[in-house]
Amino acid sequence: MDIIELSPTNYNSLVTTPFSIFDTVEFSELNCNKAEIIKYLIFNDGKNRFGLIMGIKENTLIAPFSAPYACFSPITKNNKVKCYNEACKSLLEYAQELNMKSIRITLPPTVYDENHIARIYNSLYIAGFKIKGCDLNFQYDLEKFDENYMMSIDPKARQKLRAAFKNELIFEKTTDIATVYKIIKENREMKNYPLWMKQKDIEKSMKIIIVDFFLVYDKNHNPVASAMIYHLKQHTVQVIYWGNITGSEHLKTMNFLSFKIFEYYKSKNVTTIDIGPSTEYSKPNFGLCDFKQSIGCDTSSKITFELVF
């Protein structure tokens, strides 16, 4: 299988249904400063099979270079397993021709397309890639969200949600990005979590991504929690950041916020809310894992593959 390098414009014309917003030319060009070079690749064996956007950083061919994950975008439908195997083998040969020292790919959580991603897993492994990272991703299936939600979740989470309702919290969608970001920043600092995006990065992303912002207020209308959510694919959204301010834990703001977000997107015909990983370099944050599991989330794998020459 051959790999053909295209210009952004020509790649866009061929890959008409990118795997997600992170696999688009627009997103890649918006973040072009995060890579030394961007490669727009088409895998062709007489037919155009897949597209893949990769960056070069420090002599490594990497995907994504500025996103949570990247994926092969199918161009031809119903590609056989052999096509996947040949594509991954050709990627190895392509990197060698470029004199790269390594290739690294972080794929989406399996929940996004289990058939497609499973075939990529196998094909990368057969081509000689090794697992570099294994993250646990959490997501909520909104098809199971109904009037029985409270009784379906962990008893302690149920108790906290009931307490949140008694605390007269207020939930709203907002355009007040500064307040949303301020809360998230404080929360990340409090928990010693990294904050990869600045407010200006978020505002820049809004040029190409639909972004929703939410605030939770206490009964005196003081903002106590917030969330920022991307629309990634049709019927799928992703929590990029959410969190509460210091000293608001007794209000059970996060149980309330998660419930209201589920309720909101259920009304918008969204089917999946990607809550994101609860691991840092594959090591679980047990408290975060427990919280997401307690509110009804399911778990999927998010694997990083690497091949070093």
# chains A, B, ... in the order shown; residues from 1 in each chain; ligands from 1
call {"tool": "residues_around", "arguments": {"residues": "segment 65-77 of chain A", "least_positions_apart": "6", "cutoff": "6 Å", "atoms": "only C-alpha atoms", "output": "ChimeraX atom specification"}}
result
/A:18-19,49-52,55,106-108
call {"tool": "select_by_dssp", "arguments": {"residues": "segment 180-296 of chain A", "states": "strand (DSSP E)", "output": "PDB file with N, CA and C atoms, in the first residue's frame"}}
result
ATOM      1  N   VAL A 211     -18.706  24.649  21.027  1.00  0.00           N
ATOM      2  CA  VAL A 211     -18.333  24.480  22.436  1.00  0.00           C
ATOM      3  C   VAL A 211     -19.476  24.993  23.304  1.00  0.00           C
ATOM      4  N   ASP A 212     -19.874  24.173  24.273  1.00  0.00           N
ATOM      5  CA  ASP A 212     -20.905  24.579  25.234  1.00  0.00           C
ATOM      6  C   ASP A 212     -20.256  24.849  26.585  1.00  0.00           C
ATOM      7  N   PHE A 213     -20.747  25.886  27.261  1.00  0.00           N
ATOM      8  CA  PHE A 213     -20.246  26.253  28.583  1.00  0.00           C
ATOM      9  C   PHE A 213     -21.407  26.235  29.571  1.00  0.00           C
ATOM     10  N   PHE A 214     -21.138  25.714  30.777  1.00  0.00           N
ATOM     11  CA  PHE A 214     -22.180  25.604  31.786  1.00  0.00           C
ATOM     12  C   PHE A 214     -21.655  26.095  33.129  1.00  0.00           C
ATOM     13  N   LEU A 215     -22.556  26.673  33.920  1.00  0.00           N
ATOM     14  CA  LEU A 215     -22.241  27.105  35.277  1.00  0.00           C
ATOM     15  C   LEU A 215     -23.270  26.547  36.255  1.00  0.00           C
ATOM     16  N   VAL A 216     -22.794  26.266  37.469  1.00  0.00           N
ATOM     17  CA  VAL A 216     -23.662  25.933  38.584  1.00  0.00           C
ATOM     18  C   VAL A 216     -23.493  27.018  39.635  1.00  0.00           C
ATOM     19  N   TYR A 217     -24.618  27.519  40.138  1.00  0.00           N
ATOM     20  CA  TYR A 217     -24.617  28.553  41.168  1.00  0.00           C
ATOM     21  C   TYR A 217     -25.209  27.978  42.456  1.00  0.00           C
ATOM     22  N   PRO A 223     -21.230  31.559  41.627  1.00  0.00           N
ATOM     23  CA  PRO A 223     -20.799  30.429  40.786  1.00  0.00           C
ATOM     24  C   PRO A 223     -19.908  29.473  41.571  1.00  0.00           C
ATOM     25  N   VAL A 224     -20.240  28.172  41.541  1.00  0.00           N
ATOM     26  CA  VAL A 224     -19.502  27.187  42.347  1.00  0.00           C
ATOM     27  C   VAL A 224     -18.950  26.019  41.525  1.00  0.00           C
ATOM     28  N   ALA A 225     -19.404  25.868  40.283  1.00  0.00           N
ATOM     29  CA  ALA A 225     -18.890  24.787  39.434  1.00  0.00           C
ATOM     30  C   ALA A 225     -19.131  25.158  37.973  1.00  0.00           C
ATOM     31  N   SER A 226     -18.352  24.537  37.090  1.00  0.00           N
ATOM     32  CA  SER A 226     -18.507  24.842  35.666  1.00  0.00           C
ATOM     33  C   SER A 226     -18.061  23.661  34.813  1.00  0.00           C
ATOM     34  N   ALA A 227     -18.392  23.733  33.528  1.00  0.00           N
ATOM     35  CA  ALA A 227     -17.999  22.693  32.569  1.00  0.00           C
ATOM     36  C   ALA A 227     -17.849  23.300  31.188  1.00  0.00           C
ATOM     37  N   MET A 228     -16.932  22.711  30.423  1.00  0.00           N
ATOM     38  CA  MET A 228     -16.714  23.085  29.030  1.00  0.00           C
ATOM     39  C   MET A 228     -16.771  21.804  28.197  1.00  0.00           C
ATOM     40  N   ILE A 229     -17.614  21.801  27.164  1.00  0.00           N
ATOM     41  CA  ILE A 229     -17.895  20.568  26.435  1.00  0.00           C
ATOM     42  C   ILE A 229     -17.825  20.809  24.929  1.00  0.00           C
ATOM     43  N   TYR A 230     -17.087  19.924  24.242  1.00  0.00           N
ATOM     44  CA  TYR A 230     -16.938  19.975  22.791  1.00  0.00           C
ATOM     45  C   TYR A 230     -17.968  19.069  22.115  1.00  0.00           C
ATOM     46  N   HIS A 231     -18.469  19.504  20.967  1.00  0.00           N
ATOM     47  CA  HIS A 231     -19.223  18.637  20.068  1.00  0.00           C
ATOM     48  C   HIS A 231     -18.222  18.001  19.102  1.00  0.00           C
ATOM     49  N   LEU A 232     -17.998  16.687  19.245  1.00  0.00           N
ATOM     50  CA  LEU A 232     -16.939  16.018  18.478  1.00  0.00           C
ATOM     51  C   LEU A 232     -17.433  15.385  17.186  1.00  0.00           C
ATOM     52  N   LYS A 233     -18.512  14.629  17.295  1.00  0.00           N
ATOM     53  CA  LYS A 233     -19.111  13.925  16.174  1.00  0.00           C
ATOM     54  C   LYS A 233     -20.615  14.079  16.298  1.00  0.00           C
ATOM     55  N   THR A 236     -22.299  12.884  19.612  1.00  0.00           N
ATOM     56  CA  THR A 236     -21.268  12.636  20.623  1.00  0.00           C
ATOM     57  C   THR A 236     -20.644  13.948  21.066  1.00  0.00           C
ATOM     58  N   VAL A 237     -20.578  14.142  22.385  1.00  0.00           N
ATOM     59  CA  VAL A 237     -19.907  15.313  22.945  1.00  0.00           C
ATOM     60  C   VAL A 237     -18.845  14.830  23.931  1.00  0.00           C
ATOM     61  N   GLN A 238     -17.896  15.711  24.241  1.00  0.00           N
ATOM     62  CA  GLN A 238     -16.812  15.357  25.152  1.00  0.00           C
ATOM     63  C   GLN A 238     -16.619  16.446  26.198  1.00  0.00           C
ATOM     64  N   VAL A 239     -16.566  16.030  27.460  1.00  0.00           N
ATOM     65  CA  VAL A 239     -16.235  16.960  28.535  1.00  0.00           C
ATOM     66  C   VAL A 239     -14.736  17.247  28.450  1.00  0.00           C
ATOM     67  N   ILE A 240     -14.391  18.473  28.109  1.00  0.00           N
ATOM     68  CA  ILE A 240     -12.988  18.858  28.046  1.00  0.00           C
ATOM     69  C   ILE A 240     -12.491  19.197  29.441  1.00  0.00           C
ATOM     70  N   TYR A 241     -13.247  20.012  30.155  1.00  0.00           N
ATOM     71  CA  TYR A 241     -12.938  20.330  31.549  1.00  0.00           C
ATOM     72  C   TYR A 241     -14.247  20.470  32.322  1.00  0.00           C
ATOM     73  N   TRP A 242     -14.228  20.047  33.579  1.00  0.00           N
ATOM     74  CA  TRP A 242     -15.281  20.411  34.515  1.00  0.00           C
ATOM     75  C   TRP A 242     -14.692  20.400  35.919  1.00  0.00           C
ATOM     76  N   GLY A 243     -15.328  21.131  36.828  1.00  0.00           N
ATOM     77  CA  GLY A 243     -14.795  21.185  38.179  1.00  0.00           C
ATOM     78  C   GLY A 243     -15.578  22.151  39.046  1.00  0.00           C
ATOM     79  N   ASN A 244     -15.272  22.121  40.343  1.00  0.00           N
ATOM     80  CA  ASN A 244     -15.941  22.991  41.309  1.00  0.00           C
ATOM     81  C   ASN A 244     -14.894  23.795  42.071  1.00  0.00           C
ATOM     82  N   THR A 272     -23.960   9.879  23.325  1.00  0.00           N
ATOM     83  CA  THR A 272     -22.785   9.541  24.137  1.00  0.00           C
ATOM     84  C   THR A 272     -22.113  10.801  24.654  1.00  0.00           C
ATOM     85  N   ILE A 273     -21.826  10.814  25.953  1.00  0.00           N
ATOM     86  CA  ILE A 273     -21.015  11.876  26.543  1.00  0.00           C
ATOM     87  C   ILE A 273     -19.686  11.256  26.964  1.00  0.00           C
ATOM     88  N   ASP A 274     -18.623  11.666  26.307  1.00  0.00           N
ATOM     89  CA  ASP A 274     -17.280  11.212  26.656  1.00  0.00           C
ATOM     90  C   ASP A 274     -16.813  12.063  27.835  1.00  0.00           C
ATOM     91  N   ILE A 275     -16.660  11.429  28.992  1.00  0.00           N
ATOM     92  CA  ILE A 275     -16.246  12.145  30.195  1.00  0.00           C
ATOM     93  C   ILE A 275     -14.725  12.281  30.264  1.00  0.00           C
ATOM     94  N   GLY A 276     -14.033  11.453  29.472  1.00  0.00           N
ATOM     95  CA  GLY A 276     -12.576  11.551  29.413  1.00  0.00           C
ATOM     96  C   GLY A 276     -11.871  10.544  30.293  1.00  0.00           C
ATOM     97  N   PRO A 277     -10.550  10.493  30.194  1.00  0.00           N
ATOM     98  CA  PRO A 277      -9.773   9.519  30.974  1.00  0.00           C
ATOM     99  C   PRO A 277      -9.675   9.910  32.443  1.00  0.00           C
ATOM    100  N   THR A 279      -6.916   8.634  34.131  1.00  0.00           N
ATOM    101  CA  THR A 279      -5.560   8.142  34.308  1.00  0.00           C
ATOM    102  C   THR A 279      -4.590   9.221  33.869  1.00  0.00           C
ATOM    103  N   GLU A 280      -3.422   9.213  34.455  1.00  0.00           N
ATOM    104  CA  GLU A 280      -2.337  10.121  34.070  1.00  0.00           C
ATOM    105  C   GLU A 280      -1.144   9.247  33.727  1.00  0.00           C
ATOM    106  N   LYS A 283      -1.631   5.634  34.831  1.00  0.00           N
ATOM    107  CA  LYS A 283      -1.842   5.352  36.254  1.00  0.00           C
ATOM    108  C   LYS A 283      -3.205   5.888  36.690  1.00  0.00           C
ATOM    109  N   PRO A 284      -4.082   5.017  37.217  1.00  0.00           N
ATOM    110  CA  PRO A 284      -5.432   5.471  37.575  1.00  0.00           C
ATOM    111  C   PRO A 284      -5.444   6.454  38.742  1.00  0.00           C
TER     112      PRO A 284
END
call {"tool": "closest_residue", "arguments": {"among": "A:Leu91, A:Ala164, A:Ile177, A:Leu98", "to": "Phe129 of chain A", "atoms": "only C-alpha atoms"}}
result
A:Leu91
call {"tool": "closest_residue", "arguments": {"among": "A:Ala87, A:Ile208, A:Cys297, A:Ile38", "to": "Asp2 of chain A", "atoms": "only C-alpha atoms"}}
result
A:Ala87
call {"tool": "closest_residue", "arguments": {"among": "A:Gly296, A:Pro109, A:Pro155, A:Gly287", "to": "Asp135 of chain A", "atoms": "only C-alpha atoms"}}
result
A:Pro109
call {"tool": "atom_distance", "arguments": {"atom1": "atom CA of Lys207 of chain A", "atom2": "atom CA of Ile21 of chain A"}}
result
12.1 Å
call {"tool": "closest_residue", "arguments": {"among": "A:His116, A:Lys132, A:Lys80, A:Lys198", "to": "Ser102 of chain A", "atoms": "only C-alpha atoms"}}
result
A:Lys132
call {"tool": "decode", "arguments": {"residues": "segment 1-40 of chain A", "atoms": "N, CA and C atoms", "output": "PDB file, in the first residue's frame"}}
result
ATOM      1  N   MET A   1       0.853  -1.192   0.000  1.00  0.00           N
ATOM      2  CA  MET A   1       0.000   0.000   0.000  1.00  0.00           C
ATOM      3  C   MET A   1       0.888   1.241   0.000  1.00  0.00           C
ATOM      4  N   ASP A   2       0.543   2.203  -0.818  1.00  0.00           N
ATOM      5  CA  ASP A   2       1.316   3.435  -0.925  1.00  0.00           C
ATOM      6  C   ASP A   2       0.757   4.500   0.018  1.00  0.00           C
ATOM      7  N   ILE A   3       1.651   5.374   0.463  1.00  0.00           N
ATOM      8  CA  ILE A   3       1.244   6.552   1.217  1.00  0.00           C
ATOM      9  C   ILE A   3       1.511   7.775   0.361  1.00  0.00           C
ATOM     10  N   ILE A   4       0.475   8.579   0.187  1.00  0.00           N
ATOM     11  CA  ILE A   4       0.562   9.770  -0.650  1.00  0.00           C
ATOM     12  C   ILE A   4       0.415  10.993   0.235  1.00  0.00           C
ATOM     13  N   GLU A   5       1.361  11.912   0.141  1.00  0.00           N
ATOM     14  CA  GLU A   5       1.280  13.180   0.874  1.00  0.00           C
ATOM     15  C   GLU A   5       0.478  14.185   0.054  1.00  0.00           C
ATOM     16  N   LEU A   6      -0.472  14.828   0.701  1.00  0.00           N
ATOM     17  CA  LEU A   6      -1.309  15.807   0.014  1.00  0.00           C
ATOM     18  C   LEU A   6      -1.223  17.167   0.705  1.00  0.00           C
ATOM     19  N   SER A   7      -1.624  18.176  -0.023  1.00  0.00           N
ATOM     20  CA  SER A   7      -1.788  19.503   0.581  1.00  0.00           C
ATOM     21  C   SER A   7      -3.030  19.465   1.453  1.00  0.00           C
ATOM     22  N   PRO A   8      -3.145  20.384   2.396  1.00  0.00           N
ATOM     23  CA  PRO A   8      -4.358  20.430   3.217  1.00  0.00           C
ATOM     24  C   PRO A   8      -5.640  20.505   2.384  1.00  0.00           C
ATOM     25  N   THR A   9      -5.607  21.301   1.334  1.00  0.00           N
ATOM     26  CA  THR A   9      -6.806  21.465   0.496  1.00  0.00           C
ATOM     27  C   THR A   9      -7.183  20.164  -0.187  1.00  0.00           C
ATOM     28  N   ASN A  10      -6.198  19.472  -0.776  1.00  0.00           N
ATOM     29  CA  ASN A  10      -6.486  18.224  -1.471  1.00  0.00           C
ATOM     30  C   ASN A  10      -6.894  17.122  -0.501  1.00  0.00           C
ATOM     31  N   TYR A  11      -6.276  17.126   0.676  1.00  0.00           N
ATOM     32  CA  TYR A  11      -6.663  16.140   1.697  1.00  0.00           C
ATOM     33  C   TYR A  11      -8.127  16.358   2.088  1.00  0.00           C
ATOM     34  N   ASN A  12      -8.501  17.595   2.268  1.00  0.00           N
ATOM     35  CA  ASN A  12      -9.870  17.933   2.645  1.00  0.00           C
ATOM     36  C   ASN A  12     -10.876  17.455   1.615  1.00  0.00           C
ATOM     37  N   SER A  13     -10.503  17.539   0.354  1.00  0.00           N
ATOM     38  CA  SER A  13     -11.423  17.144  -0.716  1.00  0.00           C
ATOM     39  C   SER A  13     -11.611  15.632  -0.784  1.00  0.00           C
ATOM     40  N   LEU A  14     -10.607  14.856  -0.308  1.00  0.00           N
ATOM     41  CA  LEU A  14     -10.702  13.396  -0.344  1.00  0.00           C
ATOM     42  C   LEU A  14     -11.310  12.822   0.935  1.00  0.00           C
ATOM     43  N   VAL A  15     -10.900  13.367   2.082  1.00  0.00           N
ATOM     44  CA  VAL A  15     -11.393  12.851   3.369  1.00  0.00           C
ATOM     45  C   VAL A  15     -12.605  13.684   3.770  1.00  0.00           C
ATOM     46  N   THR A  16     -13.737  13.299   3.245  1.00  0.00           N
ATOM     47  CA  THR A  16     -14.956  14.098   3.424  1.00  0.00           C
ATOM     48  C   THR A  16     -15.655  13.809   4.751  1.00  0.00           C
ATOM     49  N   THR A  17     -15.338  12.674   5.386  1.00  0.00           N
ATOM     50  CA  THR A  17     -15.925  12.343   6.682  1.00  0.00           C
ATOM     51  C   THR A  17     -14.802  11.967   7.651  1.00  0.00           C
ATOM     52  N   PRO A  18     -14.073  12.955   8.160  1.00  0.00           N
ATOM     53  CA  PRO A  18     -13.011  12.675   9.145  1.00  0.00           C
ATOM     54  C   PRO A  18     -13.577  11.940  10.349  1.00  0.00           C
ATOM     55  N   PHE A  19     -12.725  11.157  11.003  1.00  0.00           N
ATOM     56  CA  PHE A  19     -13.174  10.337  12.132  1.00  0.00           C
ATOM     57  C   PHE A  19     -13.798  11.209  13.227  1.00  0.00           C
ATOM     58  N   SER A  20     -13.178  12.340  13.528  1.00  0.00           N
ATOM     59  CA  SER A  20     -13.745  13.281  14.503  1.00  0.00           C
ATOM     60  C   SER A  20     -13.222  14.669  14.185  1.00  0.00           C
ATOM     61  N   ILE A  21     -13.640  15.638  14.964  1.00  0.00           N
ATOM     62  CA  ILE A  21     -13.178  17.017  14.759  1.00  0.00           C
ATOM     63  C   ILE A  21     -11.667  17.109  14.905  1.00  0.00           C
ATOM     64  N   PHE A  22     -11.066  16.229  15.738  1.00  0.00           N
ATOM     65  CA  PHE A  22      -9.616  16.267  15.944  1.00  0.00           C
ATOM     66  C   PHE A  22      -8.850  15.765  14.724  1.00  0.00           C
ATOM     67  N   ASP A  23      -9.556  15.118  13.798  1.00  0.00           N
ATOM     68  CA  ASP A  23      -8.928  14.554  12.605  1.00  0.00           C
ATOM     69  C   ASP A  23      -9.211  15.386  11.357  1.00  0.00           C
ATOM     70  N   THR A  24      -9.523  16.642  11.562  1.00  0.00           N
ATOM     71  CA  THR A  24      -9.820  17.523  10.430  1.00  0.00           C
ATOM     72  C   THR A  24      -8.639  18.417  10.101  1.00  0.00           C
ATOM     73  N   VAL A  25      -8.613  18.871   8.864  1.00  0.00           N
ATOM     74  CA  VAL A  25      -7.596  19.830   8.434  1.00  0.00           C
ATOM     75  C   VAL A  25      -7.723  21.116   9.234  1.00  0.00           C
ATOM     76  N   GLU A  26      -8.951  21.543   9.475  1.00  0.00           N
ATOM     77  CA  GLU A  26      -9.180  22.804  10.178  1.00  0.00           C
ATOM     78  C   GLU A  26      -8.583  22.776  11.578  1.00  0.00           C
ATOM     79  N   PHE A  27      -8.803  21.686  12.307  1.00  0.00           N
ATOM     80  CA  PHE A  27      -8.259  21.582  13.659  1.00  0.00           C
ATOM     81  C   PHE A  27      -6.731  21.514  13.617  1.00  0.00           C
ATOM     82  N   SER A  28      -6.200  20.766  12.654  1.00  0.00           N
ATOM     83  CA  SER A  28      -4.743  20.622  12.548  1.00  0.00           C
ATOM     84  C   SER A  28      -4.076  21.951  12.211  1.00  0.00           C
ATOM     85  N   GLU A  29      -4.665  22.678  11.289  1.00  0.00           N
ATOM     86  CA  GLU A  29      -4.082  23.969  10.902  1.00  0.00           C
ATOM     87  C   GLU A  29      -4.201  24.986  12.027  1.00  0.00           C
ATOM     88  N   LEU A  30      -5.286  24.879  12.789  1.00  0.00           N
ATOM     89  CA  LEU A  30      -5.460  25.783  13.923  1.00  0.00           C
ATOM     90  C   LEU A  30      -4.349  25.578  14.957  1.00  0.00           C
ATOM     91  N   ASN A  31      -3.856  24.334  15.047  1.00  0.00           N
ATOM     92  CA  ASN A  31      -2.830  23.992  16.031  1.00  0.00           C
ATOM     93  C   ASN A  31      -1.481  23.692  15.387  1.00  0.00           C
ATOM     94  N   CYS A  32      -1.247  24.295  14.233  1.00  0.00           N
ATOM     95  CA  CYS A  32      -0.029  23.980  13.464  1.00  0.00           C
ATOM     96  C   CYS A  32       1.251  24.325  14.216  1.00  0.00           C
ATOM     97  N   ASN A  33       1.163  25.233  15.175  1.00  0.00           N
ATOM     98  CA  ASN A  33       2.355  25.609  15.943  1.00  0.00           C
ATOM     99  C   ASN A  33       2.776  24.528  16.935  1.00  0.00           C
ATOM    100  N   LYS A  34       1.964  23.477  17.084  1.00  0.00           N
ATOM    101  CA  LYS A  34       2.292  22.394  18.018  1.00  0.00           C
ATOM    102  C   LYS A  34       3.143  21.305  17.369  1.00  0.00           C
ATOM    103  N   ALA A  35       3.408  21.431  16.084  1.00  0.00           N
ATOM    104  CA  ALA A  35       4.260  20.455  15.385  1.00  0.00           C
ATOM    105  C   ALA A  35       5.245  21.192  14.485  1.00  0.00           C
ATOM    106  N   GLU A  36       6.384  20.562  14.234  1.00  0.00           N
ATOM    107  CA  GLU A  36       7.372  21.165  13.329  1.00  0.00           C
ATOM    108  C   GLU A  36       6.880  21.099  11.887  1.00  0.00           C
ATOM    109  N   ILE A  37       6.282  19.972  11.525  1.00  0.00           N
ATOM    110  CA  ILE A  37       5.735  19.750  10.186  1.00  0.00           C
ATOM    111  C   ILE A  37       4.447  18.950  10.345  1.00  0.00           C
ATOM    112  N   ILE A  38       3.444  19.236   9.516  1.00  0.00           N
ATOM    113  CA  ILE A  38       2.219  18.445   9.491  1.00  0.00           C
ATOM    114  C   ILE A  38       2.179  17.650   8.190  1.00  0.00           C
ATOM    115  N   LYS A  39       1.848  16.379   8.305  1.00  0.00           N
ATOM    116  CA  LYS A  39       1.749  15.502   7.145  1.00  0.00           C
ATOM    117  C   LYS A  39       0.293  15.059   6.955  1.00  0.00           C
ATOM    118  N   TYR A  40      -0.227  15.327   5.780  1.00  0.00           N
ATOM    119  CA  TYR A  40      -1.574  14.893   5.414  1.00  0.00           C
ATOM    120  C   TYR A  40      -1.431  13.674   4.500  1.00  0.00           C
TER     121      TYR A  40
END
